[in-house]
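data36.pdb follows; it contains PDB, C-alpha atoms and all ligand atoms.
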ATOM      1  CA  MET A   1      -9.855   8.488  12.244
ATOM      2  CA  LEU A   2     -11.272   9.327   8.829
ATOM      3  CA  SER A   3     -13.810   7.241   6.967
ATOM      4  CA  LEU A   4     -15.536   7.566   3.633
ATOM      5  CA  SER A   5     -19.305   7.748   3.377
ATOM      6  CA  ASN A   6     -20.986   4.775   1.660
ATOM      7  CA  HIS A   7     -17.908   2.649   2.152
ATOM      8  CA  SER A   8     -17.172  -0.121   4.603
ATOM      9  CA  GLY A   9     -13.450   0.653   4.727
ATOM     10  CA  THR A  10     -11.843   3.288   6.866
ATOM     11  CA  MET A  11      -8.896   5.486   6.205
ATOM     12  CA  THR A  12      -6.955   6.000   9.351
ATOM     13  CA  ASP A  13      -5.001   9.169   9.950
ATOM     14  CA  GLY A  14      -1.510   8.139  11.014
ATOM     15  CA  ASP A  15      -2.940   4.781  12.061
ATOM     16  CA  GLY A  16      -3.116   3.034   8.691
ATOM     17  CA  PHE A  17      -1.670  -0.219   7.457
ATOM     18  CA  ASP A  18       1.928  -0.561   8.569
ATOM     19  CA  LEU A  19       3.819  -1.719   5.457
ATOM     20  CA  THR A  20       7.001  -2.510   7.342
ATOM     21  CA  SER A  21       8.774  -4.119   4.388
ATOM     22  CA  PHE A  22       8.742  -0.812   2.494
ATOM     23  CA  PRO A  23      10.946   2.179   3.275
ATOM     24  CA  ASN A  24       9.435   5.409   4.535
ATOM     25  CA  GLY A  25       8.594   7.585   1.557
ATOM     26  CA  ALA A  26       7.176   4.726  -0.530
ATOM     27  CA  ARG A  27       5.112   5.584  -3.605
ATOM     28  CA  ALA A  28       2.244   3.383  -4.695
ATOM     29  CA  LEU A  29      -0.184   3.014  -7.599
ATOM     30  CA  VAL A  30      -3.534   1.242  -7.266
ATOM     31  CA  VAL A  31      -5.343   0.463 -10.520
ATOM     32  CA  GLY A  32      -9.081  -0.251 -10.257
ATOM     33  CA  ALA A  33      -9.383   1.993  -7.203
ATOM     34  CA  SER A  34     -12.846   3.436  -7.820
ATOM     35  CA  ARG A  35     -14.681   0.782  -5.782
ATOM     36  CA  GLY A  36     -14.516  -2.714  -4.323
ATOM     37  CA  ILE A  37     -11.195  -4.157  -3.214
ATOM     38  CA  GLY A  38      -9.074  -1.551  -5.021
ATOM     39  CA  LEU A  39     -10.773   1.316  -3.187
ATOM     40  CA  ALA A  40     -10.251  -0.418   0.176
ATOM     41  CA  VAL A  41      -6.570  -0.990  -0.654
ATOM     42  CA  ALA A  42      -6.203   2.670  -1.644
ATOM     43  CA  LEU A  43      -7.766   3.736   1.669
ATOM     44  CA  ASP A  44      -5.337   1.598   3.634
ATOM     45  CA  LEU A  45      -2.336   2.801   1.668
ATOM     46  CA  ALA A  46      -3.396   6.434   2.107
ATOM     47  CA  GLY A  47      -3.195   5.904   5.874
ATOM     48  CA  SER A  48       0.014   3.900   5.851
ATOM     49  CA  PRO A  49       2.915   5.598   7.638
ATOM     50  CA  GLN A  50       5.358   4.345   4.984
ATOM     51  CA  VAL A  51       3.462   5.714   1.975
ATOM     52  CA  GLU A  52       4.243   9.333   1.103
ATOM     53  CA  ARG A  53       2.461   9.518  -2.228
ATOM     54  CA  LEU A  54      -0.411   7.544  -3.698
ATOM     55  CA  PHE A  55      -1.767   7.354  -7.237
ATOM     56  CA  VAL A  56      -5.216   5.865  -7.811
ATOM     57  CA  ALA A  57      -6.625   4.895 -11.183
ATOM     58  CA  SER A  58      -9.888   3.877 -12.790
ATOM     59  CA  ARG A  59     -11.512   4.443 -16.147
ATOM     60  CA  LYS A  60     -13.338   7.592 -15.035
ATOM     61  CA  PRO A  61     -11.936   8.883 -11.756
ATOM     62  CA  GLU A  62     -14.190  11.938 -11.988
ATOM     63  CA  ALA A  63     -17.221   9.626 -11.764
ATOM     64  CA  SER A  64     -16.104   8.041  -8.471
ATOM     65  CA  SER A  65     -17.218  10.094  -5.482
ATOM     66  CA  ALA A  66     -15.270   7.687  -3.240
ATOM     67  CA  MET A  67     -12.026   8.540  -5.041
ATOM     68  CA  ALA A  68     -12.784  12.241  -4.777
ATOM     69  CA  GLU A  69     -13.406  11.856  -1.037
ATOM     70  CA  LEU A  70     -10.172   9.927  -0.664
ATOM     71  CA  VAL A  71      -8.213  12.670  -2.417
ATOM     72  CA  ASP A  72      -9.782  15.315  -0.159
ATOM     73  CA  ALA A  73      -9.490  13.440   3.117
ATOM     74  CA  ALA A  74      -6.049  11.855   2.858
ATOM     75  CA  ALA A  75      -3.180  13.264   4.878
ATOM     76  CA  ILE A  76      -0.754  12.477   2.038
ATOM     77  CA  PRO A  77      -0.956  13.596  -1.601
ATOM     78  CA  VAL A  78      -3.350  11.273  -3.463
ATOM     79  CA  GLU A  79      -3.610  11.840  -7.205
ATOM     80  CA  THR A  80      -6.055  10.310  -9.656
ATOM     81  CA  LEU A  81      -5.291   8.880 -13.086
ATOM     82  CA  ALA A  82      -7.665   7.844 -15.864
ATOM     83  CA  ILE A  83      -6.697   4.394 -17.131
ATOM     84  CA  ASP A  84      -8.672   1.958 -19.197
ATOM     85  CA  VAL A  85      -6.472  -1.098 -18.760
ATOM     86  CA  VAL A  86      -7.615  -2.688 -22.006
ATOM     87  CA  ASP A  87      -6.690   0.366 -24.087
ATOM     88  CA  GLU A  88      -2.929   0.668 -24.594
ATOM     89  CA  ALA A  89      -3.122   4.343 -25.621
ATOM     90  CA  SER A  90      -4.829   5.109 -22.327
ATOM     91  CA  VAL A  91      -2.167   3.198 -20.353
ATOM     92  CA  VAL A  92       0.610   5.020 -22.258
ATOM     93  CA  ALA A  93      -0.967   8.442 -21.595
ATOM     94  CA  ALA A  94      -1.376   7.689 -17.886
ATOM     95  CA  ALA A  95       2.193   6.374 -17.584
ATOM     96  CA  ARG A  96       3.544   9.527 -19.268
ATOM     97  CA  SER A  97       1.522  11.735 -16.972
ATOM     98  CA  LEU A  98       2.710   9.786 -13.918
ATOM     99  CA  ALA A  99       6.353   9.943 -14.993
ATOM    100  CA  LEU A 100       6.120  13.751 -14.821
ATOM    101  CA  ARG A 101       5.020  13.486 -11.200
ATOM    102  CA  THR A 102       7.236  10.742  -9.790
ATOM    103  CA  GLN A 103      10.433   8.977 -10.772
ATOM    104  CA  ARG A 104       9.667   5.896  -8.689
ATOM    105  CA  LEU A 105       6.868   3.483  -7.813
ATOM    106  CA  ASP A 106       7.625   0.980  -5.052
ATOM    107  CA  LEU A 107       4.274  -0.752  -5.194
ATOM    108  CA  ILE A 108       1.838  -1.341  -8.048
ATOM    109  CA  ILE A 109      -1.395  -3.183  -7.272
ATOM    110  CA  ASN A 110      -3.703  -4.039 -10.151
ATOM    111  CA  CYS A 111      -7.254  -4.579  -8.892
ATOM    112  CA  ALA A 112      -9.059  -4.071 -12.216
ATOM    113  CA  GLY A 113     -11.218  -7.018 -13.158
ATOM    114  CA  MET A 114     -14.614  -8.136 -14.378
ATOM    115  CA  LEU A 115     -16.964 -11.069 -13.857
ATOM    116  CA  HIS A 116     -20.139  -9.645 -15.411
ATOM    117  CA  ASP A 117     -20.986  -6.434 -17.230
ATOM    118  CA  GLY A 118     -24.758  -6.178 -16.950
ATOM    119  CA  ALA A 119     -24.938  -6.344 -20.746
ATOM    120  CA  GLY A 120     -24.809 -10.009 -21.632
ATOM    121  CA  LEU A 121     -21.462 -10.972 -20.100
ATOM    122  CA  ALA A 122     -21.992 -13.279 -17.111
ATOM    123  CA  PRO A 123     -20.336 -16.436 -15.747
ATOM    124  CA  GLU A 124     -21.312 -19.401 -17.950
ATOM    125  CA  ARG A 125     -22.878 -22.367 -16.144
ATOM    126  CA  LYS A 126     -22.311 -24.594 -19.166
ATOM    127  CA  LEU A 127     -20.553 -24.752 -22.524
ATOM    128  CA  ALA A 128     -23.703 -23.702 -24.375
ATOM    129  CA  HIS A 129     -23.436 -20.288 -22.698
ATOM    130  CA  VAL A 130     -19.956 -19.580 -24.038
ATOM    131  CA  VAL A 131     -19.849 -16.408 -26.207
ATOM    132  CA  PRO A 132     -16.522 -15.735 -27.966
ATOM    133  CA  SER A 133     -16.793 -11.936 -27.719
ATOM    134  CA  ASN A 134     -17.279 -12.225 -23.944
ATOM    135  CA  LEU A 135     -14.168 -14.384 -23.668
ATOM    136  CA  ASP A 136     -12.251 -11.790 -25.710
ATOM    137  CA  LYS A 137     -13.367  -9.050 -23.303
ATOM    138  CA  LEU A 138     -12.362 -11.024 -20.221
ATOM    139  CA  PHE A 139      -9.090 -12.095 -21.771
ATOM    140  CA  ARG A 140      -8.175  -8.485 -22.451
ATOM    141  CA  ILE A 141      -8.938  -7.261 -18.950
ATOM    142  CA  HIS A 142      -7.325 -10.197 -17.124
ATOM    143  CA  GLY A 143      -4.714 -11.563 -19.534
ATOM    144  CA  THR A 144      -3.512  -8.499 -21.443
ATOM    145  CA  ALA A 145      -3.941  -5.664 -18.939
ATOM    146  CA  PRO A 146      -1.284  -6.720 -16.388
ATOM    147  CA  LEU A 147       1.233  -6.868 -19.247
ATOM    148  CA  LEU A 148       0.266  -3.409 -20.511
ATOM    149  CA  LEU A 149       0.555  -1.984 -16.995
ATOM    150  CA  ALA A 150       3.999  -3.543 -16.543
ATOM    151  CA  LYS A 151       5.081  -2.518 -20.050
ATOM    152  CA  HIS A 152       4.328   1.153 -19.480
ATOM    153  CA  PHE A 153       4.709   1.643 -15.699
ATOM    154  CA  GLY A 154       7.557  -0.850 -15.240
ATOM    155  CA  ALA A 155      10.203   1.788 -15.959
ATOM    156  CA  LEU A 156       9.206   3.470 -12.695
ATOM    157  CA  LEU A 157       9.925   0.393 -10.581
ATOM    158  CA  PRO A 158      13.220   0.841  -8.725
ATOM    159  CA  ARG A 159      16.365  -0.877  -9.932
ATOM    160  CA  ARG A 160      18.168  -3.032  -7.356
ATOM    161  CA  GLU A 161      15.685  -2.197  -4.572
ATOM    162  CA  ARG A 162      12.532  -3.901  -3.353
ATOM    163  CA  PHE A 163       9.336  -3.375  -5.292
ATOM    164  CA  VAL A 164       6.085  -5.301  -5.476
ATOM    165  CA  PHE A 165       3.955  -5.681  -8.588
ATOM    166  CA  ALA A 166       0.806  -7.490  -7.447
ATOM    167  CA  SER A 167      -2.199  -8.273  -9.608
ATOM    168  CA  LEU A 168      -5.476  -9.681  -8.373
ATOM    169  CA  SER A 169      -6.309 -13.076  -9.766
ATOM    170  CA  ALA A 170      -8.902 -15.563  -8.480
ATOM    171  CA  ARG A 171      -8.636 -19.100  -7.169
ATOM    172  CA  VAL A 172     -10.943 -20.208  -9.973
ATOM    173  CA  GLY A 173      -8.115 -19.321 -12.372
ATOM    174  CA  SER A 174      -6.116 -22.217 -10.956
ATOM    175  CA  ILE A 175      -5.977 -25.158 -13.363
ATOM    176  CA  GLY A 176      -4.843 -27.548 -10.614
ATOM    177  CA  ASP A 177      -7.649 -26.496  -8.270
ATOM    178  CA  ASN A 178     -10.481 -26.706 -10.819
ATOM    179  CA  ARG A 179     -12.983 -29.293  -9.575
ATOM    180  CA  LEU A 180     -16.311 -27.595 -10.230
ATOM    181  CA  GLY A 181     -15.992 -26.480 -13.854
ATOM    182  CA  GLY A 182     -18.215 -23.726 -15.290
ATOM    183  CA  TRP A 183     -17.352 -20.015 -15.420
ATOM    184  CA  TYR A 184     -15.383 -20.641 -18.635
ATOM    185  CA  GLY A 185     -14.531 -17.069 -19.536
ATOM    186  CA  TYR A 186     -13.503 -15.994 -16.030
ATOM    187  CA  ARG A 187     -11.471 -19.169 -15.433
ATOM    188  CA  VAL A 188      -9.730 -19.092 -18.818
ATOM    189  CA  SER A 189      -8.908 -15.394 -18.563
ATOM    190  CA  LYS A 190      -7.627 -15.641 -14.982
ATOM    191  CA  ALA A 191      -5.457 -18.626 -15.987
ATOM    192  CA  ALA A 192      -4.076 -16.374 -18.746
ATOM    193  CA  HIS A 193      -3.566 -13.670 -16.119
ATOM    194  CA  ASN A 194      -1.555 -16.081 -14.027
ATOM    195  CA  MET A 195       0.703 -17.045 -16.927
ATOM    196  CA  ALA A 196       1.162 -13.352 -17.711
ATOM    197  CA  ILE A 197       2.273 -12.701 -14.118
ATOM    198  CA  LYS A 198       4.567 -15.727 -14.000
ATOM    199  CA  THR A 199       6.256 -14.752 -17.283
ATOM    200  CA  LEU A 200       6.485 -11.120 -16.240
ATOM    201  CA  SER A 201       8.084 -12.125 -12.938
ATOM    202  CA  VAL A 202      11.041 -13.601 -14.805
ATOM    203  CA  GLU A 203      11.680 -10.382 -16.712
ATOM    204  CA  LEU A 204      11.084  -8.062 -13.749
ATOM    205  CA  ALA A 205      13.573 -10.054 -11.644
ATOM    206  CA  ARG A 206      16.236  -8.856 -14.087
ATOM    207  CA  ARG A 207      15.372  -5.294 -13.124
ATOM    208  CA  SER A 208      15.850  -5.935  -9.428
ATOM    209  CA  ARG A 209      16.483  -9.200  -7.627
ATOM    210  CA  ALA A 210      14.651  -7.677  -4.661
ATOM    211  CA  GLY A 211      11.543  -7.118  -6.769
ATOM    212  CA  VAL A 212       8.499  -9.353  -6.410
ATOM    213  CA  CYS A 213       5.751  -9.912  -8.975
ATOM    214  CA  VAL A 214       2.797 -12.017  -7.828
ATOM    215  CA  ALA A 215      -0.789 -13.033  -8.503
ATOM    216  CA  LEU A 216      -3.081 -12.755  -5.459
ATOM    217  CA  HIS A 217      -6.461 -14.311  -4.669
ATOM    218  CA  PRO A 218      -8.422 -12.009  -2.340
ATOM    219  CA  GLY A 219     -10.980 -14.588  -1.132
ATOM    220  CA  THR A 220     -14.667 -14.013  -1.726
ATOM    221  CA  VAL A 221     -15.243 -10.329  -1.089
ATOM    222  CA  ASP A 222     -18.524  -8.476  -0.875
ATOM    223  CA  THR A 223     -18.257  -6.172  -3.917
ATOM    224  CA  ASP A 224     -20.240  -5.316  -7.063
ATOM    225  CA  LEU A 225     -18.318  -8.086  -8.830
ATOM    226  CA  SER A 226     -19.262 -10.934  -6.473
ATOM    227  CA  ARG A 227     -22.640  -9.780  -5.131
ATOM    228  CA  PRO A 228     -24.884 -11.520  -7.694
ATOM    229  CA  PHE A 229     -23.153 -14.843  -6.898
ATOM    230  CA  SER A 230     -22.319 -14.669  -3.189
ATOM    231  CA  GLU A 231     -25.775 -15.343  -1.719
ATOM    232  CA  ARG A 232     -24.836 -18.827  -0.536
ATOM    233  CA  VAL A 233     -21.385 -17.910   0.764
ATOM    234  CA  PRO A 234     -21.379 -18.214   4.581
ATOM    235  CA  THR A 235     -20.924 -14.793   6.187
ATOM    236  CA  ASP A 236     -17.641 -15.813   7.843
ATOM    237  CA  LYS A 237     -16.249 -16.634   4.387
ATOM    238  CA  LEU A 238     -17.467 -13.426   2.744
ATOM    239  CA  PHE A 239     -14.950 -10.689   3.503
ATOM    240  CA  THR A 240     -15.654  -6.988   3.576
ATOM    241  CA  PRO A 241     -13.430  -5.037   1.160
ATOM    242  CA  ALA A 242     -11.717  -3.494   4.192
ATOM    243  CA  ARG A 243     -10.848  -6.915   5.610
ATOM    244  CA  ALA A 244      -9.743  -8.201   2.209
ATOM    245  CA  SER A 245      -7.456  -5.204   1.811
ATOM    246  CA  ARG A 246      -5.780  -5.763   5.174
ATOM    247  CA  GLN A 247      -5.265  -9.432   4.370
ATOM    248  CA  LEU A 248      -3.815  -8.711   0.924
ATOM    249  CA  LEU A 249      -1.521  -5.986   2.254
ATOM    250  CA  SER A 250      -0.293  -8.394   4.960
ATOM    251  CA  VAL A 251       0.587 -10.911   2.256
ATOM    252  CA  ILE A 252       2.280  -8.208   0.164
ATOM    253  CA  ASP A 253       4.237  -7.010   3.193
ATOM    254  CA  SER A 254       5.507 -10.518   3.909
ATOM    255  CA  LEU A 255       6.672 -11.261   0.335
ATOM    256  CA  GLU A 256      10.341 -11.982  -0.191
ATOM    257  CA  SER A 257      12.311 -12.248  -3.418
ATOM    258  CA  ARG A 258      12.000 -16.049  -3.359
ATOM    259  CA  ASP A 259       8.207 -15.537  -3.657
ATOM    260  CA  ASN A 260       8.627 -13.832  -7.038
ATOM    261  CA  GLY A 261       6.317 -15.383  -9.624
ATOM    262  CA  GLY A 262       4.025 -16.982  -7.028
ATOM    263  CA  PHE A 263       0.231 -17.275  -6.768
ATOM    264  CA  PHE A 264      -0.903 -16.590  -3.195
ATOM    265  CA  ALA A 265      -4.242 -16.591  -1.408
ATOM    266  CA  TRP A 266      -5.400 -13.935   1.073
ATOM    267  CA  ASP A 267      -3.973 -15.962   3.988
ATOM    268  CA  GLY A 268      -0.527 -16.240   2.425
ATOM    269  CA  SER A 269      -0.927 -19.875   1.336
ATOM    270  CA  ARG A 270       0.268 -20.849  -2.129
ATOM    271  CA  ILE A 271      -2.356 -21.792  -4.735
ATOM    272  CA  PRO A 272      -1.447 -24.401  -7.352
ATOM    273  CA  TRP A 273      -1.254 -23.061 -10.881
TER     274      TRP A 273
HETATM  275  N1  LIG A 301     -14.864  -9.827  -5.175
HETATM  276  C1  LIG A 301     -14.448 -11.087  -5.135
HETATM  277  O1  LIG A 301     -15.048 -11.954  -4.445
HETATM  278  C2  LIG A 301     -13.244 -11.507  -5.899
HETATM  279  C3  LIG A 301     -12.822 -12.848  -5.784
HETATM  280  C4  LIG A 301     -11.704 -13.267  -6.494
HETATM  281  C5  LIG A 301     -11.013 -12.363  -7.275
HETATM  282  N2  LIG A 301     -11.440 -11.072  -7.376
HETATM  283  C6  LIG A 301     -10.688 -10.165  -8.260
HETATM  284  O2  LIG A 301     -10.337  -8.988  -7.557
HETATM  285  C7  LIG A 301     -10.298  -7.884  -8.474
HETATM  286  C8  LIG A 301     -11.133  -6.741  -7.913
HETATM  287  O3  LIG A 301     -12.474  -7.183  -7.847
HETATM  288  P1  LIG A 301     -13.618  -6.374  -7.072
HETATM  289  O4  LIG A 301     -14.455  -7.400  -6.426
HETATM  290  O5  LIG A 301     -13.039  -5.268  -6.277
HETATM  291  O6  LIG A 301     -14.423  -5.788  -8.327
HETATM  292  P2  LIG A 301     -15.319  -4.468  -8.481
HETATM  293  O7  LIG A 301     -15.869  -4.040  -7.181
HETATM  294  O8  LIG A 301     -16.268  -4.767  -9.589
HETATM  295  O9  LIG A 301     -14.243  -3.384  -8.955
HETATM  296  C9  LIG A 301     -13.617  -3.562 -10.178
HETATM  297  C10 LIG A 301     -12.630  -2.435 -10.363
HETATM  298  O10 LIG A 301     -12.000  -2.668 -11.638
HETATM  299  C11 LIG A 301     -12.055  -1.449 -12.372
HETATM  300  N3  LIG A 301     -12.085  -1.727 -13.801
HETATM  301  C12 LIG A 301     -12.930  -2.543 -14.476
HETATM  302  N4  LIG A 301     -12.641  -2.515 -15.787
HETATM  303  C13 LIG A 301     -11.604  -1.659 -15.938
HETATM  304  C14 LIG A 301     -10.856  -1.206 -17.033
HETATM  305  N5  LIG A 301     -11.104  -1.629 -18.287
HETATM  306  N6  LIG A 301      -9.857  -0.338 -16.824
HETATM  307  C15 LIG A 301      -9.582   0.109 -15.579
HETATM  308  N7  LIG A 301     -10.249  -0.287 -14.476
HETATM  309  C16 LIG A 301     -11.252  -1.149 -14.666
HETATM  310  C17 LIG A 301     -13.318  -0.764 -11.900
HETATM  311  O11 LIG A 301     -13.212   0.619 -12.136
HETATM  312  P3  LIG A 301     -14.221   1.444 -13.065
HETATM  313  O12 LIG A 301     -15.329   0.519 -13.521
HETATM  314  O13 LIG A 301     -14.686   2.545 -12.206
HETATM  315  O14 LIG A 301     -13.339   1.915 -14.167
HETATM  316  C18 LIG A 301     -13.285  -1.082 -10.416
HETATM  317  O15 LIG A 301     -12.468  -0.144  -9.740
HETATM  318  C19 LIG A 301     -10.752  -8.434  -9.828
HETATM  319  O16 LIG A 301      -9.632  -8.756 -10.621
HETATM  320  C20 LIG A 301     -11.496  -9.703  -9.460
HETATM  321  O17 LIG A 301     -11.469 -10.647 -10.512
HETATM  322  C21 LIG A 301     -12.536 -10.627  -6.712
END

Give the structure from the file, written as structure tokens.
Ligand SMILES: NC(=O)c1ccc[n+]([C@@H]2O[C@H](COP(=O)([O-])OP(=O)(O)OC[C@H]3O[C@@H](n4cnc5c(N)ncnc54)[C@H](OP(=O)(O)O)[C@@H]3O)[C@@H](O)[C@H]2O)c1
Amino acid sequence: MLSLSNHSGTMTDGDGFDLTSFPNGARALVVGASRGIGLAVALDLAGSPQVERLFVASRKPEASSAMAELVDAAAIPVETLAIDVVDEASVVAAARSLALRTQRLDLIINCAGMLHDGAGLAPERKLAHVVPSNLDKLFRIHGTAPLLLAKHFGALLPRRERFVFASLSARVGSIGDNRLGGWYGYRVSKAAHNMAIKTLSVELARRSRAGVCVALHPGTVDTDLSRPFSERVPTDKLFTPARASRQLLSVIDSLESRDNGGFFAWDGSRIPW
């Protein structure tokens, strides 16, 4: 069994996540794979018996030692891509480069996201903290990016066969579930994300009726993104990235075409929009 240093996830050699709903020889792309949940998902996919080729993306793959270790240690070919999901030219360049290497992607998982940036963008406790430029930033990474990824990588999704396009949302993006308020920028941008996914699901269903496009809530996961705010989360409700990945991949594996356009939590339950 292989594992990466400085990472709570493990990459198993021939003993990875069994994605039984996908055919052998599946090809997958994980965006936002340099750390956190995306890295854990990439580790699991690299050890999955069904996955024959894996592409992992972040803004600067060369700066992520974890991605480099994954590439070196994986038993299957794992290739890195540089993608800044808020920059269309970067998405176009990455999609062109990928199209030279594969004609098909069975699974695309978008894990790129932001809650704070260490430079003035942080969850707002009240209206007075709302800064328009911060909302713009969050809107672009959560609302626009899934559409750019689908626009430029969508041509690689198979026609007529099963594919999954999954993008990580957050329960706080649910309008129906909003009882606490606050976190304006993150909530608004994740609600936009959810509408993007729902609208995209209608168009992608025309490509293949067996295709599924969903928004997923990973639970509260111990990552750079949540750490400044997870102090009071009970330990049994704070998942490791490795556990979150397994839970999300289980949900993905169980998705059927009737689930297209849904918003699901880590345990497979539906979240109200
Ligand atoms: N952690 C939680 O408790 C939690 C709860 C609910 C929802 N979520 C959602 O789950 C997703 C993953 O969160 P996480 O906790 O794993 O966060 P994380 O540890 O902070 O990782 C974020 C990932 O997004 C990538 N990223 C950020 N901006 C990007 C950009 N412009 N272009 C490309 N990649 C970019 C980062 O890569 P680089 O910075 O290296 O480029 C990194 O790989 C997010 O959408 C988040 O909103 C997380």

> Nearest to ligand LIG 301 (chain A) among A:Pro49, A:Gly219, A:Gly262, A:Gly268, with distances taken over all atoms listed in the file: which residue is it?
Replying inline: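 For ligand LIG 301 (chain A), the nearest of the candidates is A:Gly219.
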
> For ligand LIG 301 (chain A), which of A:Arg207, A:Arg171, A:Lys237, A:Arg125 is the closest residue, counting all atoms listed in the file?
Replying inline: A:Arg171

> Given the choices A:Ala93, A:Leu45, A:Ala155, A:Val212, which gets closest to A:Pro77 if the distance is worked out from all atoms listed in the file?
Replying inline: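 Closest residue, counting all atoms listed in the file: A:Leu45.
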
> Mind listing as a list in words all residues within 9 Å of (-6.6, -11.3, -21.2), counting only C-alpha atoms?
Replying inline: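 Using only C-alpha atoms, the matching residues come out as Val86, Leu135, Asp136, Lys137, Leu138, Phe139, Arg140, Ile141, His142, Gly143, Thr144, Ala145, Pro146, Val188, Ser189, Lys190, Ala192, His193 and Ala196 of chain A.
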
Rows by chain and residue number, stretch 28-48 of chain A within 12 Å of stretch 160-169 of chain A, shortest pair, only C-alpha atoms, as JSON lines:
{"residue": "A:Ala28", "atom": "CA", "partner": "A:Val164", "partner_atom": "CA", "distance": 9.5}
{"residue": "A:Leu29", "atom": "CA", "partner": "A:Phe165", "partner_atom": "CA", "distance": 9.7}
{"residue": "A:Val30", "atom": "CA", "partner": "A:Ala166", "partner_atom": "CA", "distance": 9.8}
{"residue": "A:Val31", "atom": "CA", "partner": "A:Ser167", "partner_atom": "CA", "distance": 9.3}
{"residue": "A:Gly32", "atom": "CA", "partner": "A:Leu168", "partner_atom": "CA", "distance": 10.3}
{"residue": "A:Ile37", "atom": "CA", "partner": "A:Leu168", "partner_atom": "CA", "distance": 9.5}
{"residue": "A:Gly38", "atom": "CA", "partner": "A:Leu168", "partner_atom": "CA", "distance": 9.5}
{"residue": "A:Val41", "atom": "CA", "partner": "A:Leu168", "partner_atom": "CA", "distance": 11.7}

Could you list, as an mmCIF file with C-alpha atoms, keeping the file's coordinate frame, all residues that come within 8 Å of ligand LIG 301 (chain A)? Count all atoms listed in the file.
data_model
loop_
_atom_site.group_PDB
_atom_site.id
_atom_site.type_symbol
_atom_site.label_atom_id
_atom_site.label_comp_id
_atom_site.auth_asym_id
_atom_site.auth_seq_id
_atom_site.Cartn_x
_atom_site.Cartn_y
_atom_site.Cartn_z
ATOM 1 C CA VAL A 31 -5.343 0.463 -10.520
ATOM 2 C CA GLY A 32 -9.081 -0.251 -10.257
ATOM 3 C CA ALA A 33 -9.383 1.993 -7.203
ATOM 4 C CA SER A 34 -12.846 3.436 -7.820
ATOM 5 C CA ARG A 35 -14.681 0.782 -5.782
ATOM 6 C CA GLY A 36 -14.516 -2.714 -4.323
ATOM 7 C CA ILE A 37 -11.195 -4.157 -3.214
ATOM 8 C CA GLY A 38 -9.074 -1.551 -5.021
ATOM 9 C CA LEU A 39 -10.773 1.316 -3.187
ATOM 10 C CA ALA A 57 -6.625 4.895 -11.183
ATOM 11 C CA SER A 58 -9.888 3.877 -12.790
ATOM 12 C CA ARG A 59 -11.512 4.443 -16.147
ATOM 13 C CA LYS A 60 -13.338 7.592 -15.035
ATOM 14 C CA PRO A 61 -11.936 8.883 -11.756
ATOM 15 C CA ALA A 63 -17.221 9.626 -11.764
ATOM 16 C CA SER A 64 -16.104 8.041 -8.471
ATOM 17 C CA ALA A 82 -7.665 7.844 -15.864
ATOM 18 C CA ILE A 83 -6.697 4.394 -17.131
ATOM 19 C CA ASP A 84 -8.672 1.958 -19.197
ATOM 20 C CA VAL A 85 -6.472 -1.098 -18.760
ATOM 21 C CA VAL A 86 -7.615 -2.688 -22.006
ATOM 22 C CA ASP A 87 -6.690 0.366 -24.087
ATOM 23 C CA ASN A 110 -3.703 -4.039 -10.151
ATOM 24 C CA CYS A 111 -7.254 -4.579 -8.892
ATOM 25 C CA ALA A 112 -9.059 -4.071 -12.216
ATOM 26 C CA GLY A 113 -11.218 -7.018 -13.158
ATOM 27 C CA MET A 114 -14.614 -8.136 -14.378
ATOM 28 C CA LEU A 115 -16.964 -11.069 -13.857
ATOM 29 C CA ILE A 141 -8.938 -7.261 -18.950
ATOM 30 C CA HIS A 142 -7.325 -10.197 -17.124
ATOM 31 C CA SER A 167 -2.199 -8.273 -9.608
ATOM 32 C CA LEU A 168 -5.476 -9.681 -8.373
ATOM 33 C CA SER A 169 -6.309 -13.076 -9.766
ATOM 34 C CA ALA A 170 -8.902 -15.563 -8.480
ATOM 35 C CA ARG A 171 -8.636 -19.100 -7.169
ATOM 36 C CA VAL A 172 -10.943 -20.208 -9.973
ATOM 37 C CA TYR A 186 -13.503 -15.994 -16.030
ATOM 38 C CA LYS A 190 -7.627 -15.641 -14.982
ATOM 39 C CA HIS A 217 -6.461 -14.311 -4.669
ATOM 40 C CA PRO A 218 -8.422 -12.009 -2.340
ATOM 41 C CA GLY A 219 -10.980 -14.588 -1.132
ATOM 42 C CA THR A 220 -14.667 -14.013 -1.726
ATOM 43 C CA VAL A 221 -15.243 -10.329 -1.089
ATOM 44 C CA ASP A 222 -18.524 -8.476 -0.875
ATOM 45 C CA THR A 223 -18.257 -6.172 -3.917
ATOM 46 C CA ASP A 224 -20.240 -5.316 -7.063
ATOM 47 C CA LEU A 225 -18.318 -8.086 -8.830
ATOM 48 C CA SER A 226 -19.262 -10.934 -6.473
ATOM 49 C CA ARG A 227 -22.640 -9.780 -5.131
ATOM 50 C CA SER A 230 -22.319 -14.669 -3.189
ATOM 51 C CA LEU A 238 -17.467 -13.426 2.744
ATOM 52 C CA PRO A 241 -13.430 -5.037 1.160
#

For the contact check between stretch 77-145 of chain A and stretch 14-24 of chain A, emit one row per residue of stretch 77-145 of chain A within 12 Å, containing the shortest atom pair and the distance in Å rounded to one decimal, counting all atoms listed in the file, chain then rising number order, as a Markdown table.
| residue | atom | partner | partner_atom | distance |
| --- | --- | --- | --- | --- |
| A:Leu105 | CA | A:Phe22 | CA | 11.3 |
| A:Asp106 | CA | A:Phe22 | CA | 7.8 |
| A:Leu107 | CA | A:Phe22 | CA | 8.9 |

Those same residues - C-alpha atoms - I'd like them written as a compact mmCIF listing (two decimals), in the coordinates of the input.
# COMPACT_ATOMS: atom_id res chain seq x y z
CA LEU A 105 6.87 3.48 -7.81
CA ASP A 106 7.62 0.98 -5.05
CA LEU A 107 4.27 -0.75 -5.19
